[in-house]
Amino acid sequence: MKFKYAQLQRLGVFEVVDRLPNGRKAIGSHIVFHEKRDDHGNLVKFKAHIIVKGFSQISGEDFTDTFSSVAKFSTLWIFLSYIAYLDWHLHHVDVVAAYLHGPLDEDIYVTIPDGVENSSSGRYWKLKKVLYRLKQARRQWKKHLHEVLTNFGLTQAFADDCLYIKCHKGQIVLLVLVYVDNMAIPGPDGIHLVSLKSFLSKDFEITDLGELKHILGVLISRDCPRRLIYLNQAAYIQ
């Protein structure tokens, strides 16, 4: 819990205020604890999150738009087939505490959860960035990530806005497929992959997971050059 609180402070998620503006109410918040497991169900670590009671948000006051797309499975199949055909490198990057990077467009106040510094002082947090369970959390994160990726020179695909493409001299040199806080990043060589990872690390704390092993419930493995096998429950495509 101390680590999570320090993380919120480091990322500038909130500022403490003594009182609420006239006519405003604070949204409730609390702490939840859960286990994080890997793709095979093995326990990796215990985690804590400070979340807000988003169900009490008022439309038009605490939020407006909430929609945020996720990658389509049809895009994923074509994406994997294309990479297998070209025998590209395929890496996996995870953004740590992704939602906490999304700036807010609205003024939102929350109660300080029990167990956190100043929780009994009668003071509040004014949120500067997103906390988990806010209705606009995913949308704000996606908007911020889009800005970062386009600043790197990637272009959003027309058919699926979770797919980004970078070209050089008329050739595709990098692809990025986004699913919430995970990115599958293929390229013909390591130069562009390293360059993108370095660029992302300037804005986010990232976990470089190396070669992609799992995405959207699909296990992925290579068994020889130019050949990619991916499995999803009863489906088997080679």
# chains A, B, ... in the order shown; residues from 1 in each chain; ligands from 1
>>> residues_around(residues="Ser68 in chain A", least_positions_apart="4", cutoff="12 Å", atoms="only C-alpha atoms", output="PyMOL selection string")
chain A and resi 135-146+161-162+178-180
>>> closest_atom_pairs(of="range 145-222 of chain A", to="range 4-23 of chain A", cutoff="12 Å", atoms="only C-alpha atoms", output="CSV")
residue,atom,partner,partner_atom,distance
A:Asp203,CA,A:Leu11,CA,10.5
A:Phe204,CA,A:Leu11,CA,9.7
A:Glu205,CA,A:Leu11,CA,10.3
>>> residues_around(residues="Thr75 in chain A", least_positions_apart="2", cutoff="12 Å", atoms="only C-alpha atoms", output="number ranges by chain")
A: 70-73, 77-82, 157-164, 176-179, 216
>>> atom_distance(atom1="CA of Val44 in chain A", atom2="CA of Gly217 in chain A")
17.8 Å
>>> atom_distance(atom1="CA of Ile206 in chain A", atom2="CA of His91 in chain A")
12.8 Å
>>> closest_residue(among="A:Gly187, A:Gly210, A:Gly60, A:Gly41", to="Ile165 in chain A", atoms="only C-alpha atoms")
A:Gly187
>>> select_by_dssp(residues="range 95-231 of chain A", states="alpha helix (DSSP H)", output="PyMOL selection string")
chain A and resi 137-151+190-203
>>> atom_distance(atom1="CA of Ser74 in chain A", atom2="CA of Asp181 in chain A")
19.6 Å
>>> closest_residue(among="A:Phe55, A:Tyr85, A:Phe199, A:Tyr109", to="Val148 in chain A", atoms="only C-alpha atoms")
A:Phe199
>>> closest_residue(among="A:Thr111, A:Ser198, A:Ser29, A:Gln171", to="Phe152 in chain A", atoms="only C-alpha atoms")
A:Ser198
>>> closest_residue(among="A:Lys45, A:Met183, A:His92, A:Phe67", to="Lys213 in chain A", atoms="only C-alpha atoms")
A:His92
>>> residues_around(residues="range 167-170 of chain A", least_positions_apart="5", cutoff="9 Å", atoms="only C-alpha atoms", output="list in words")
Gly153, Leu154 and Thr155 of chain A
>>> select_by_dssp(residues="range 31-188 of chain A", states="strand (DSSP E or B)", output="ChimeraX atom specification")
/A:31-37,43-52,59,63,89-95,103-111,124-129,132,155-156,163-168,171-179,182-187
>>> closest_residue(among="A:Val194, A:Leu90, A:Ala48, A:Leu127", to="Glu106 in chain A", atoms="only C-alpha atoms")
A:Leu127
